[in-house]
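Q: I am sharing coords.txt, which consists of compact mmCIF, C-alpha atoms and all ligand atoms:
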```txt
# COMPACT_ATOMS: atom_id res chain seq x y z
CA MET I 469 14.71 21.53 143.49
CA GLN I 470 14.81 20.08 146.97
CA LYS I 471 13.89 22.01 150.08
CA SER I 472 15.32 21.03 153.44
CA ILE I 473 15.13 22.59 156.88
CA GLU I 474 18.23 23.41 158.90
CA ARG I 475 17.94 23.41 162.68
CA ILE I 476 20.22 25.36 165.02
CA ALA I 477 20.04 24.55 168.72
CA GLY I 478 19.34 27.53 170.99
CA ASP I 479 21.18 28.26 174.21
CA SER I 480 18.47 27.04 176.55
CA ASP I 481 16.05 24.15 176.56
CA GLY I 482 12.97 24.63 174.44
CA VAL I 483 14.60 27.08 172.03
CA SER I 484 15.84 26.24 168.55
CA TYR I 485 15.97 28.00 165.20
CA GLU I 486 15.09 26.85 161.71
CA PHE I 487 15.74 28.07 158.20
CA PRO I 488 15.03 26.57 154.78
CA VAL I 489 17.67 25.60 152.20
CA PHE I 490 16.88 25.08 148.51
CA ARG I 491 19.14 22.95 146.34
CA PHE I 492 19.26 22.49 142.60
CA ASP I 493 21.35 19.59 141.32
CA GLY I 494 23.52 20.47 138.35
CA ALA I 495 23.72 18.13 135.39
CA ASP I 496 27.39 18.82 134.69
CA LYS I 497 29.79 17.97 137.54
CA ALA I 498 32.50 20.13 135.93
CA ALA I 499 30.29 23.24 135.87
CA PRO I 500 30.78 25.95 138.53
CA SER I 501 28.48 25.77 141.54
CA ALA I 502 26.82 28.66 143.37
CA TYR I 503 25.69 29.49 146.90
CA LEU I 504 23.39 32.45 147.60
CA GLN I 505 22.25 33.67 150.98
CA ALA I 506 20.28 36.71 152.09
CA ALA I 507 19.42 38.55 155.30
CA LEU I 508 22.46 37.56 157.35
CA HIS I 509 21.71 40.95 158.90
CA ALA I 510 18.19 39.81 159.44
CA GLY I 511 16.36 43.04 158.64
CA GLU I 512 18.10 43.57 155.28
CA LEU I 513 15.44 42.37 152.89
CA PRO I 514 16.23 43.51 149.30
CA GLY I 515 18.16 40.26 148.77
CA VAL I 516 15.33 38.18 150.24
CA VAL I 517 12.84 39.51 147.71
CA ALA I 518 15.44 39.26 144.92
CA ILE I 519 15.75 35.54 145.71
CA ASP I 520 11.96 35.29 145.74
CA ALA I 521 11.97 36.73 142.20
CA LEU I 522 14.90 34.54 141.12
CA MET I 523 13.40 31.20 142.17
CA PRO I 524 10.81 30.96 139.36
CA MET I 525 13.60 31.64 136.84
CA LEU I 526 15.66 28.80 138.30
CA ASN I 527 12.66 26.49 138.47
CA LYS I 528 12.06 27.15 134.77
CA ALA I 529 15.72 26.49 133.96
CA GLU I 530 15.52 23.23 135.90
CA ALA I 531 12.36 22.15 134.07
CA GLU I 532 14.18 22.80 130.78
CA GLY I 533 17.31 20.93 131.88
CA ARG I 534 19.49 24.06 131.91
CA ILE I 535 20.90 23.83 135.47
CA LYS I 536 24.56 22.89 134.90
CA GLY I 537 26.18 23.43 138.29
CA ASN I 538 24.84 22.80 141.78
CA ILE I 539 23.00 25.75 143.33
CA THR I 540 22.32 26.17 147.04
CA ILE I 541 20.06 28.99 148.22
CA VAL I 542 19.43 30.22 151.76
CA PRO I 543 16.85 33.02 151.53
CA TRP I 544 16.71 33.69 155.29
CA ALA I 545 20.22 33.11 156.59
CA ASN I 546 19.64 34.34 160.14
CA PRO I 547 16.65 32.97 162.06
CA ILE I 548 18.20 34.17 165.34
CA GLY I 549 18.33 37.80 164.23
CA ARG I 550 14.99 37.49 162.52
CA ALA I 551 13.35 36.80 165.90
CA GLN I 552 15.09 39.63 167.79
CA TYR I 553 12.70 42.40 168.73
CA HIS I 554 13.73 44.85 171.42
CA PHE I 555 10.94 47.11 172.71
CA GLY I 556 9.10 46.61 169.45
CA GLU I 557 12.05 47.46 167.21
CA HIS I 558 13.69 44.81 165.08
CA GLN I 559 17.41 44.27 165.82
CA GLY I 560 18.88 42.11 163.09
CA ARG I 561 22.45 43.39 162.93
CA PHE I 562 23.89 42.36 166.29
CA HIS I 563 23.21 39.26 168.33
CA LEU I 564 21.50 40.56 171.47
CA GLY I 565 23.05 37.83 173.60
CA THR I 566 26.67 38.66 172.75
CA ARG I 567 26.50 42.11 171.08
CA THR I 568 28.42 40.56 168.18
CA ASN I 569 27.69 41.71 164.64
CA PHE I 570 26.12 38.77 162.82
CA ASN I 571 28.60 39.40 159.98
CA ARG I 572 31.66 39.01 162.21
CA GLY I 573 33.17 36.07 164.01
CA PHE I 574 32.85 33.56 161.18
CA PRO I 575 35.52 30.85 161.31
CA LEU I 576 38.36 31.69 158.91
CA LEU I 577 39.50 28.21 157.88
CA THR I 578 43.04 27.45 156.78
CA ALA I 579 41.64 25.38 153.89
CA PRO I 580 38.20 24.91 152.35
CA ASP I 581 37.38 21.75 154.26
CA ALA I 582 34.61 21.27 156.85
CA LYS I 583 36.96 19.23 159.01
CA PHE I 584 38.62 22.50 160.05
CA LEU I 585 35.36 23.96 161.40
CA PRO I 586 35.49 24.63 165.15
CA ASP I 587 33.41 22.62 167.60
CA THR I 588 30.51 24.97 168.41
CA THR I 589 28.64 22.65 170.77
CA PHE I 590 29.15 25.15 173.60
CA GLY I 591 29.94 28.17 171.44
CA GLY I 592 26.52 29.80 171.48
CA ALA I 593 23.66 29.66 169.00
CA ASP I 594 25.08 32.46 166.83
CA GLN I 595 28.39 30.59 166.47
CA ARG I 596 26.54 27.40 165.58
CA LEU I 597 24.63 29.32 162.92
CA LYS I 598 27.82 30.86 161.50
CA SER I 599 29.60 27.55 161.41
CA ARG I 600 26.66 25.94 159.62
CA LEU I 601 26.43 28.73 157.04
CA VAL I 602 30.13 28.37 156.24
CA GLN I 603 29.67 24.61 155.96
CA LEU I 604 26.71 25.03 153.60
CA SER I 605 28.71 27.40 151.39
CA LEU I 606 32.00 25.45 151.33
CA GLY I 607 32.96 24.00 147.99
CA HIS I 608 30.82 26.35 145.91
CA ASP I 609 32.74 28.33 143.30
CA ILE I 610 30.39 31.30 143.55
CA VAL I 611 29.33 32.64 146.96
CA LEU I 612 26.98 35.62 147.12
CA ASP I 613 26.01 37.17 150.46
CA LEU I 614 23.11 39.56 149.87
CA HIS I 615 22.93 42.58 152.19
CA CYS I 616 21.91 46.21 151.97
CA ASP I 617 23.14 49.48 153.39
CA ASP I 618 21.26 52.29 155.14
CA GLU I 619 20.59 54.36 152.02
CA GLY I 620 22.90 53.62 149.14
CA LEU I 621 23.81 52.65 145.62
CA ALA I 622 23.99 48.99 144.63
CA TYR I 623 27.59 47.95 145.27
CA LEU I 624 29.85 44.98 145.95
CA TYR I 625 32.70 44.25 148.31
CA VAL I 626 35.33 42.18 146.49
CA HIS I 627 38.68 40.82 147.65
CA THR I 628 41.57 42.30 145.66
CA SER I 629 42.65 38.82 144.50
CA LEU I 630 39.33 38.46 142.61
CA TRP I 631 39.54 41.80 140.84
CA PRO I 632 39.31 42.53 137.95
CA ALA I 633 38.38 38.86 137.31
CA MET I 634 34.97 39.59 138.83
CA ALA I 635 34.27 42.69 136.72
CA ASP I 636 31.99 40.57 134.53
CA CYS I 637 29.91 39.73 137.63
CA ALA I 638 29.62 43.40 138.62
CA ALA I 639 28.48 44.20 135.08
CA ALA I 640 26.01 41.29 135.02
CA MET I 641 24.48 42.37 138.32
CA GLY I 642 24.28 45.98 137.19
CA VAL I 643 25.82 47.41 140.36
CA ASP I 644 27.08 50.98 140.52
CA ALA I 645 30.30 50.46 142.46
CA VAL I 646 32.83 47.93 143.75
CA VAL I 647 34.82 48.38 146.94
CA LEU I 648 38.04 46.35 147.05
CA TRP I 649 39.40 45.01 150.33
CA SER I 650 42.43 42.93 151.19
CA GLU I 651 42.48 41.88 154.85
CA ASP I 652 39.94 40.23 157.10
CA THR I 653 40.79 39.92 160.76
CA ASP I 654 37.17 40.06 161.95
CA GLY I 655 35.73 36.99 160.24
CA THR I 656 33.09 38.34 157.87
CA PHE I 657 31.13 35.78 155.90
CA GLU I 658 32.82 37.02 152.74
CA GLY I 659 36.21 36.64 154.40
CA ALA I 660 35.28 33.10 155.42
CA SER I 661 34.35 32.47 151.77
CA ILE I 662 37.64 33.64 150.30
CA MET I 663 40.44 33.32 152.87
CA PRO I 664 40.51 29.47 152.95
CA TYR I 665 41.08 29.45 149.19
CA GLN I 666 43.82 32.05 149.44
CA ASN I 667 45.68 29.89 151.90
CA ALA I 668 44.98 26.62 150.15
CA SER I 669 46.81 27.21 146.91
CA ALA I 670 48.03 29.86 144.55
CA ASP I 671 46.07 28.27 141.74
CA VAL I 672 45.26 31.32 139.65
CA ALA I 673 42.80 29.45 137.44
CA LYS I 674 40.87 28.45 140.53
CA LEU I 675 40.76 32.06 141.76
CA ASP I 676 39.63 33.24 138.34
CA ARG I 677 36.72 30.85 138.60
CA ARG I 678 35.94 31.85 142.17
CA VAL I 679 33.37 34.52 143.02
CA ALA I 680 32.87 35.73 146.58
CA THR I 681 31.17 38.99 147.37
CA THR I 682 29.03 40.89 149.82
CA VAL I 683 26.30 42.42 147.71
CA GLU I 684 24.87 45.68 149.03
CA TYR I 685 21.50 46.03 147.37
CA ARG I 686 21.04 49.75 148.03
CA GLY I 687 19.19 50.89 151.15
CA ILE I 688 17.18 49.16 153.84
CA LEU I 689 13.94 50.69 152.54
CA ASP I 690 14.60 49.61 148.94
CA VAL I 691 12.42 46.52 149.26
CA ASP I 692 10.49 46.88 146.07
CA GLY I 693 8.98 44.58 143.47
CA ALA I 694 10.57 46.23 140.44
CA LEU I 695 14.02 46.36 142.04
CA ALA I 696 13.67 42.74 143.17
CA ALA I 697 12.84 41.70 139.60
CA SER I 698 15.82 43.54 138.13
CA ASP I 699 18.16 42.24 140.86
CA ALA I 700 16.92 38.70 140.18
CA GLU I 701 17.71 39.22 136.49
CA GLY I 702 21.19 40.41 137.47
CA LEU I 703 21.77 37.32 139.61
CA TYR I 704 20.47 35.12 136.82
CA ARG I 705 22.78 36.81 134.28
CA LEU I 706 25.75 36.21 136.58
CA LEU I 707 24.87 32.52 136.99
CA ALA I 708 24.42 32.14 133.22
CA MET I 709 27.60 34.02 132.36
CA ARG I 710 29.66 31.91 134.74
CA GLY I 711 28.16 28.67 133.39
CA VAL I 712 26.07 27.61 136.39
CA ILE I 713 23.00 27.66 134.16
CA SER I 714 22.81 27.77 130.40
CA ASP I 715 20.65 30.26 128.56
CA ALA I 716 21.30 30.90 124.87
CA THR I 717 18.73 33.70 124.77
CA LEU I 718 20.61 36.10 127.05
CA PRO I 719 22.18 39.10 125.30
CA ALA I 720 25.84 39.77 126.02
CA THR I 721 26.61 41.99 129.00
CA GLY I 722 28.80 44.98 128.32
CA PRO I 723 31.86 45.88 130.41
CA PHE I 724 31.53 47.12 133.99
CA LYS I 725 31.17 50.89 133.88
CA GLY I 726 30.83 51.67 137.58
CA VAL I 727 33.34 52.87 140.14
CA ALA I 728 35.91 50.43 141.53
CA ALA I 729 37.97 51.76 144.42
CA PRO I 730 40.00 50.36 147.31
CA LEU I 731 38.45 50.43 150.77
CA GLU I 732 41.06 52.92 151.96
CA ASN I 733 39.61 55.53 149.60
CA ILE I 734 36.39 55.65 151.62
CA ASP I 735 35.79 58.60 153.90
CA MET I 736 33.15 57.77 156.52
CA MET I 737 32.77 61.33 157.80
CA PRO I 738 32.21 61.03 161.56
CA ALA I 739 29.74 63.64 162.83
CA PRO I 740 31.46 66.43 164.80
CA ARG I 741 28.34 67.02 166.91
CA ALA I 742 25.19 65.21 167.93
CA GLY I 743 21.93 66.44 166.47
CA ALA I 744 19.66 66.38 163.45
CA VAL I 745 21.27 65.77 160.06
CA LEU I 746 20.39 67.91 157.04
CA TYR I 747 22.03 66.26 154.03
CA ASP I 748 23.15 68.22 150.99
CA VAL I 749 24.06 65.06 149.10
CA LYS I 750 22.49 61.72 148.27
CA PRO I 751 23.93 58.40 147.04
CA GLY I 752 25.23 58.72 143.49
CA ASP I 753 26.14 62.39 143.76
CA ARG I 754 29.59 63.38 142.56
CA VAL I 755 31.17 65.92 144.92
CA ALA I 756 34.23 68.13 144.78
CA ARG I 757 36.62 68.71 147.66
CA GLY I 758 35.18 71.41 149.91
CA ALA I 759 31.54 70.84 148.92
CA ARG I 760 29.13 70.85 151.86
CA LEU I 761 27.93 67.31 152.59
CA ALA I 762 25.66 67.91 155.56
CA THR I 763 24.73 70.29 158.34
CA ILE I 764 24.25 69.04 161.90
CA VAL I 765 21.64 71.06 163.78
CA HIS I 766 22.80 70.57 167.37
CA ALA I 767 21.33 73.64 169.11
CA PRO I 768 18.20 74.61 167.17
CA GLY I 769 17.49 78.32 167.01
CA GLU I 770 20.72 79.36 168.72
CA ALA I 771 23.64 81.28 167.29
CA ASP I 772 26.32 78.76 166.27
CA GLY I 773 23.72 76.02 166.64
CA ARG I 774 24.70 74.45 163.32
CA THR I 775 27.87 72.66 162.27
CA GLU I 776 28.66 72.04 158.63
CA VAL I 777 30.61 69.09 157.25
CA PHE I 778 32.60 69.39 154.01
CA ALA I 779 34.01 66.88 151.53
CA PRO I 780 37.70 66.19 152.29
CA GLN I 781 38.34 65.16 148.68
CA ASP I 782 36.67 64.65 145.30
CA GLY I 783 34.54 61.54 145.01
CA ILE I 784 31.14 59.93 144.79
CA ILE I 785 28.58 59.49 147.56
CA LEU I 786 28.06 55.76 148.07
CA THR I 787 25.74 55.71 151.09
CA ARG I 788 24.20 57.86 153.80
CA ARG I 789 22.20 57.21 156.96
CA SER I 790 18.55 56.32 156.81
CA ARG I 791 17.83 58.01 160.14
CA ARG I 792 18.54 61.63 160.73
CA ILE I 793 19.41 61.57 164.43
CA ILE I 794 23.14 61.23 165.05
CA ARG I 795 25.61 61.12 167.93
CA ALA I 796 29.01 62.73 167.83
CA GLY I 797 31.48 60.36 166.18
CA GLU I 798 28.91 58.33 164.28
CA ASP I 799 29.46 58.10 160.55
CA LEU I 800 27.45 60.42 158.32
CA LEU I 801 28.02 58.72 154.97
CA LYS I 802 30.45 56.84 152.78
CA LEU I 803 32.30 58.99 150.28
CA VAL I 804 34.33 56.96 147.77
CA GLY I 805 37.19 59.30 147.15
CA ASP I 806 39.44 59.46 144.14
CA ARG I 807 42.40 59.07 146.50
CA LYS I 808 43.25 57.38 149.77
CA SER I 809 41.27 58.78 152.68
CA SER I 810 43.21 60.59 155.39
CA ASP I 811 40.75 58.90 157.77
CA ALA I 812 41.24 55.43 156.23
CA ARG I 813 40.24 52.77 158.74
CA SER I 814 41.80 49.41 159.02
CA GLY I 815 39.76 46.26 158.75
CA THR I 816 37.53 44.64 156.25
CA LEU I 817 34.29 45.69 154.77
CA GLU I 818 32.10 48.06 156.69
CA ASP I 819 29.00 45.94 156.49
ZN ZN I 901 24.39 43.72 156.16
```
Could you take the file, read its structure, and then write that structure out as structure tokens?
A:
Amino acid sequence: MQKSIERIAGDSDGVSYEFPVFRFDGADKAAPSAYLQAALHAGELPGVVAIDALMPMLNKAEAEGRIKGNITIVPWANPIGRAQYHFGEHQGRFHLGTRTNFNRGFPLLTAPDAKFLPDTTFGGADQRLKSRLVQLSLGHDIVLDLHCDDEGLAYLYVHTSLWPAMADCAAAMGVDAVVLWSEDTDGTFEGASIMPYQNASADVAKLDRRVATTVEYRGILDVDGALAASDAEGLYRLLAMRGVISDATLPATGPFKGVAAPLENIDMMPAPRAGAVLYDVKPGDRVARGARLATIVHAPGEADGRTEVFAPQDGIILTRRSRRIIRAGEDLLKLVGDRKSSDARSGTLED
């Protein structure tokens, strides 16, 4: 394994950013290669500790000559967001300088070739970072972007062209749900990892070999040694199953038994009032249409001071907020419905 340091120039003299990259050289040039990154939203740490738990497994595989395909790992993908503290609170989701979500605005290349990357000399540090991350990931067959939600189940975003070919990956990782999306106009990292290949050719075999996903490792507080160990095992199983590493000792993984639903089935449930949220449901709960999901206490102690929110359809609770203060119009939770949501929003993944 080789470690190198990437440097991203800041936007003023005396400021620059660094992050480490680990590379394992595969012994078999025909084997699939893999790229893993974590903490693109810089405060989302379950993937960071999963990588920390995965590294000894990969080091062991390397020592035993079992690394077949190249592996590139970026455990801290966002040094800019990592350094952003605003009045003592960490802000790792949006770039403070531009208010842009760190998982938007990635270059969507017409083909998987670094020569199509935009010139970011004057584009801002966050654009230079995004361009570099895409460049680091280009050419890898498997691209995993490790995130987490507020409070949630373990789930994946997957482009419809890779489903159900990626069901084995979902099973290997042990996630509870898969959300399928089809269009990216915003430039998510996942979009930047799949759209160039969509445009490049209709080579079905190539797409069957390709893995690109945003992994939502539960909630922001689920940074835990036992979960990190089991997530690392899931990542390792995926790499072994897809032939990036070889491991004859691994038992077979059964079929994916979780929920797979299109993005348009998700109801986000905007809050009708501002106030304090009392949830009736938690991630993983199955709800029926009409079930109460939450009560917003907007005028405590007053008649009509509470507003209740009900499930618009049958489904499963995927996520909810980690904080209980809410403004009117902010989303209360993600309900993966059995049918298309009447509130279906356009766009890509919600991460
Ligand atoms: Zn995220």
Q: Which residues, protein or nucleic acid, reach to within 12 Å of (29.6, 52.8, 147.3) in the file's coordinates when using all atoms listed in the file, and can you give that as a PyMOL selection string?
A: chain I and resi 616-625+643-648+683-687+726-731+733-736+750-754+783-788+801-805+817-819
Q: Smallest atom-to-atom distance to ligand ZN 901 (chain I): which of I:Lys528, I:His615, I:Lys536, I:Arg678, using only C-alpha atoms and all ligand atoms?
A: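 Ranked by minimum distance to ligand ZN 901 (chain I), first place goes to I:His615.
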Q: Using all atoms listed in the file, determine which residues lie at most 9 Å from Asp715 of chain I, disregarding the query and same-chain residues fewer than 5 positions distant; provide the list as a VMD selection string.
A: chain I and resid 529 534 705 708 to 709
Q: With distances taken over only C-alpha atoms and all ligand atoms, which of I:His509, I:Arg710, I:Arg789, I:His766 is nearest to ligand ZN 901 (chain I)?
A: I:His509
Q: Could you check which of I:Thr540, I:Thr656, I:Ser484, I:Ser599 is closest to ligand ZN 901 (chain I), using all atoms listed in the file?
A: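 The shortest atom-to-atom distance to ligand ZN 901 (chain I) comes from I:Thr656.
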Q: Select, from I:Gly659, I:Gly549, I:Gly711, I:Pro543, the residue with the minimum atom-to-atom distance to His563 of chain I, counting all atoms listed in the file.
A: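 For His563 of chain I, the nearest of the given residues is I:Gly549.
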Q: I'd like the neighbourhood of Lys497 of chain I as a ChimeraX atom specification, where a residue qualifies if any of its atoms comes within 12 Å (using only C-alpha atoms), though same-chain residues fewer than 5 positions away should be ignored.
A: /I:535-539,608,711-712
Q: Find the residues near segment 565-580 of chain I: any atom within 8 Å, counting only C-alpha atoms, skip ones fewer than 3 places away on the same chain, and give them as an NGL selection string.
A: :I and (508-509 or 549 or 560-562 or 584-586 or 594-595 or 598-599 or 602 or 606-607 or 654-657 or 659-660 or 663-665 or 667-668 or 819)
Q: Generate a file of the selected residues that holds C-alpha atoms, formatted as an mmCIF file, in the coordinates of the input.
A:
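This is the output file result-v9.cif:
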```cif
data_model
loop_
_atom_site.group_PDB
_atom_site.id
_atom_site.type_symbol
_atom_site.label_atom_id
_atom_site.label_comp_id
_atom_site.auth_asym_id
_atom_site.auth_seq_id
_atom_site.Cartn_x
_atom_site.Cartn_y
_atom_site.Cartn_z
ATOM 1 C CA LEU I 508 22.460 37.560 157.350
ATOM 2 C CA HIS I 509 21.710 40.950 158.900
ATOM 3 C CA GLY I 549 18.330 37.800 164.230
ATOM 4 C CA GLY I 560 18.880 42.110 163.090
ATOM 5 C CA ARG I 561 22.450 43.390 162.930
ATOM 6 C CA PHE I 562 23.890 42.360 166.290
ATOM 7 C CA PHE I 584 38.620 22.500 160.050
ATOM 8 C CA LEU I 585 35.360 23.960 161.400
ATOM 9 C CA PRO I 586 35.490 24.630 165.150
ATOM 10 C CA ASP I 594 25.080 32.460 166.830
ATOM 11 C CA GLN I 595 28.390 30.590 166.470
ATOM 12 C CA LYS I 598 27.820 30.860 161.500
ATOM 13 C CA SER I 599 29.600 27.550 161.410
ATOM 14 C CA VAL I 602 30.130 28.370 156.240
ATOM 15 C CA LEU I 606 32.000 25.450 151.330
ATOM 16 C CA GLY I 607 32.960 24.000 147.990
ATOM 17 C CA ASP I 654 37.170 40.060 161.950
ATOM 18 C CA GLY I 655 35.730 36.990 160.240
ATOM 19 C CA THR I 656 33.090 38.340 157.870
ATOM 20 C CA PHE I 657 31.130 35.780 155.900
ATOM 21 C CA GLY I 659 36.210 36.640 154.400
ATOM 22 C CA ALA I 660 35.280 33.100 155.420
ATOM 23 C CA MET I 663 40.440 33.320 152.870
ATOM 24 C CA PRO I 664 40.510 29.470 152.950
ATOM 25 C CA TYR I 665 41.080 29.450 149.190
ATOM 26 C CA ASN I 667 45.680 29.890 151.900
ATOM 27 C CA ALA I 668 44.980 26.620 150.150
ATOM 28 C CA ASP I 819 29.000 45.940 156.490
#
```
Q: Give me, as a PyMOL selection string, all polymer residues having an atom no more than 8 Å from Arg550 of chain I, counting only C-alpha atoms and skipping those fewer than 6 positions away in the same chain.
A: chain I and resi 510-511+558-560
Q: List as a CSV table (one decimal) with C-alpha atoms, keeping the file's coordinate frame the protein and nucleic acid residues near Tyr503 of chain I, meaning an atom at most 12 Å away when all atoms listed in the file are counted, but skip any in the same chain fewer than 2 places from it.
A:
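Output below, filename result.csv:
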```
chain,number,residue,atom,x,y,z
I,489,VAL,CA,17.7,25.6,152.2
I,490,PHE,CA,16.9,25.1,148.5
I,491,ARG,CA,19.1,23.0,146.3
I,492,PHE,CA,19.3,22.5,142.6
I,500,PRO,CA,30.8,26.0,138.5
I,501,SER,CA,28.5,25.8,141.5
I,505,GLN,CA,22.2,33.7,151.0
I,506,ALA,CA,20.3,36.7,152.1
I,519,ILE,CA,15.8,35.5,145.7
I,537,GLY,CA,26.2,23.4,138.3
I,538,ASN,CA,24.8,22.8,141.8
I,539,ILE,CA,23.0,25.8,143.3
I,540,THR,CA,22.3,26.2,147.0
I,541,ILE,CA,20.1,29.0,148.2
I,542,VAL,CA,19.4,30.2,151.8
I,543,PRO,CA,16.8,33.0,151.5
I,545,ALA,CA,20.2,33.1,156.6
I,601,LEU,CA,26.4,28.7,157.0
I,602,VAL,CA,30.1,28.4,156.2
I,603,GLN,CA,29.7,24.6,156.0
I,604,LEU,CA,26.7,25.0,153.6
I,605,SER,CA,28.7,27.4,151.4
I,606,LEU,CA,32.0,25.4,151.3
I,607,GLY,CA,33.0,24.0,148.0
I,608,HIS,CA,30.8,26.4,145.9
I,609,ASP,CA,32.7,28.3,143.3
I,610,ILE,CA,30.4,31.3,143.6
I,611,VAL,CA,29.3,32.6,147.0
I,612,LEU,CA,27.0,35.6,147.1
I,613,ASP,CA,26.0,37.2,150.5
I,614,LEU,CA,23.1,39.6,149.9
I,658,GLU,CA,32.8,37.0,152.7
I,661,SER,CA,34.4,32.5,151.8
I,678,ARG,CA,35.9,31.8,142.2
I,679,VAL,CA,33.4,34.5,143.0
I,680,ALA,CA,32.9,35.7,146.6
I,681,THR,CA,31.2,39.0,147.4
I,703,LEU,CA,21.8,37.3,139.6
I,707,LEU,CA,24.9,32.5,137.0
I,712,VAL,CA,26.1,27.6,136.4
```
Q: Place all heavy atoms on segment 627-633 of chain I and deliver the coordinates as an mmCIF file, keeping the file's coordinate frame.
A:
```cif
data_model
loop_
_atom_site.group_PDB
_atom_site.id
_atom_site.type_symbol
_atom_site.label_atom_id
_atom_site.label_comp_id
_atom_site.auth_asym_id
_atom_site.auth_seq_id
_atom_site.Cartn_x
_atom_site.Cartn_y
_atom_site.Cartn_z
ATOM 1 N N HIS I 627 37.281 40.952 147.254
ATOM 2 C CA HIS I 627 38.680 40.820 147.650
ATOM 3 C C HIS I 627 39.584 41.162 146.465
ATOM 4 O O HIS I 627 39.269 40.818 145.317
ATOM 5 C CB HIS I 627 38.956 39.384 148.126
ATOM 6 C CG HIS I 627 40.289 39.223 148.786
ATOM 7 N ND1 HIS I 627 41.380 38.717 148.118
ATOM 8 C CD2 HIS I 627 40.707 39.531 150.028
ATOM 9 C CE1 HIS I 627 42.427 38.708 148.956
ATOM 10 N NE2 HIS I 627 42.038 39.194 150.113
ATOM 11 N N THR I 628 40.699 41.830 146.741
ATOM 12 C CA THR I 628 41.570 42.300 145.660
ATOM 13 C C THR I 628 42.042 41.150 144.749
ATOM 14 O O THR I 628 42.260 41.363 143.559
ATOM 15 C CB THR I 628 42.810 43.025 146.198
ATOM 16 O OG1 THR I 628 43.367 42.232 147.248
ATOM 17 C CG2 THR I 628 42.472 44.386 146.740
ATOM 18 N N SER I 629 42.160 39.943 145.315
ATOM 19 C CA SER I 629 42.650 38.820 144.500
ATOM 20 C C SER I 629 41.637 38.424 143.415
ATOM 21 O O SER I 629 41.985 37.715 142.472
ATOM 22 C CB SER I 629 42.936 37.606 145.380
ATOM 23 O OG SER I 629 41.732 37.088 145.920
ATOM 24 N N LEU I 630 40.364 38.836 143.585
ATOM 25 C CA LEU I 630 39.330 38.460 142.610
ATOM 26 C C LEU I 630 39.013 39.595 141.634
ATOM 27 O O LEU I 630 38.066 39.500 140.849
ATOM 28 C CB LEU I 630 38.043 38.046 143.346
ATOM 29 C CG LEU I 630 38.166 36.892 144.339
ATOM 30 C CD1 LEU I 630 36.807 36.516 144.894
ATOM 31 C CD2 LEU I 630 38.805 35.675 143.677
ATOM 32 N N TRP I 631 39.789 40.660 141.705
ATOM 33 C CA TRP I 631 39.540 41.800 140.840
ATOM 34 C C TRP I 631 40.740 42.053 139.953
ATOM 35 O O TRP I 631 41.855 41.994 140.471
ATOM 36 C CB TRP I 631 39.224 43.048 141.694
ATOM 37 C CG TRP I 631 38.660 44.163 140.876
ATOM 38 C CD1 TRP I 631 39.333 45.252 140.398
ATOM 39 C CD2 TRP I 631 37.312 44.289 140.408
ATOM 40 N NE1 TRP I 631 38.497 46.041 139.668
ATOM 41 C CE2 TRP I 631 37.252 45.476 139.657
ATOM 42 C CE3 TRP I 631 36.157 43.506 140.531
ATOM 43 C CZ2 TRP I 631 36.068 45.900 139.044
ATOM 44 C CZ3 TRP I 631 34.999 43.929 139.930
ATOM 45 C CH2 TRP I 631 34.959 45.127 139.197
ATOM 46 N N PRO I 632 40.571 42.271 138.662
ATOM 47 C CA PRO I 632 39.310 42.530 137.950
ATOM 48 C C PRO I 632 38.612 41.279 137.395
ATOM 49 O O PRO I 632 37.695 41.430 136.582
ATOM 50 C CB PRO I 632 39.760 43.423 136.791
ATOM 51 C CG PRO I 632 41.147 42.957 136.490
ATOM 52 C CD PRO I 632 41.748 42.525 137.800
ATOM 53 N N ALA I 633 39.009 40.074 137.860
ATOM 54 C CA ALA I 633 38.380 38.860 137.310
ATOM 55 C C ALA I 633 36.869 38.870 137.507
ATOM 56 O O ALA I 633 36.132 38.262 136.734
ATOM 57 C CB ALA I 633 38.994 37.617 137.957
#
```
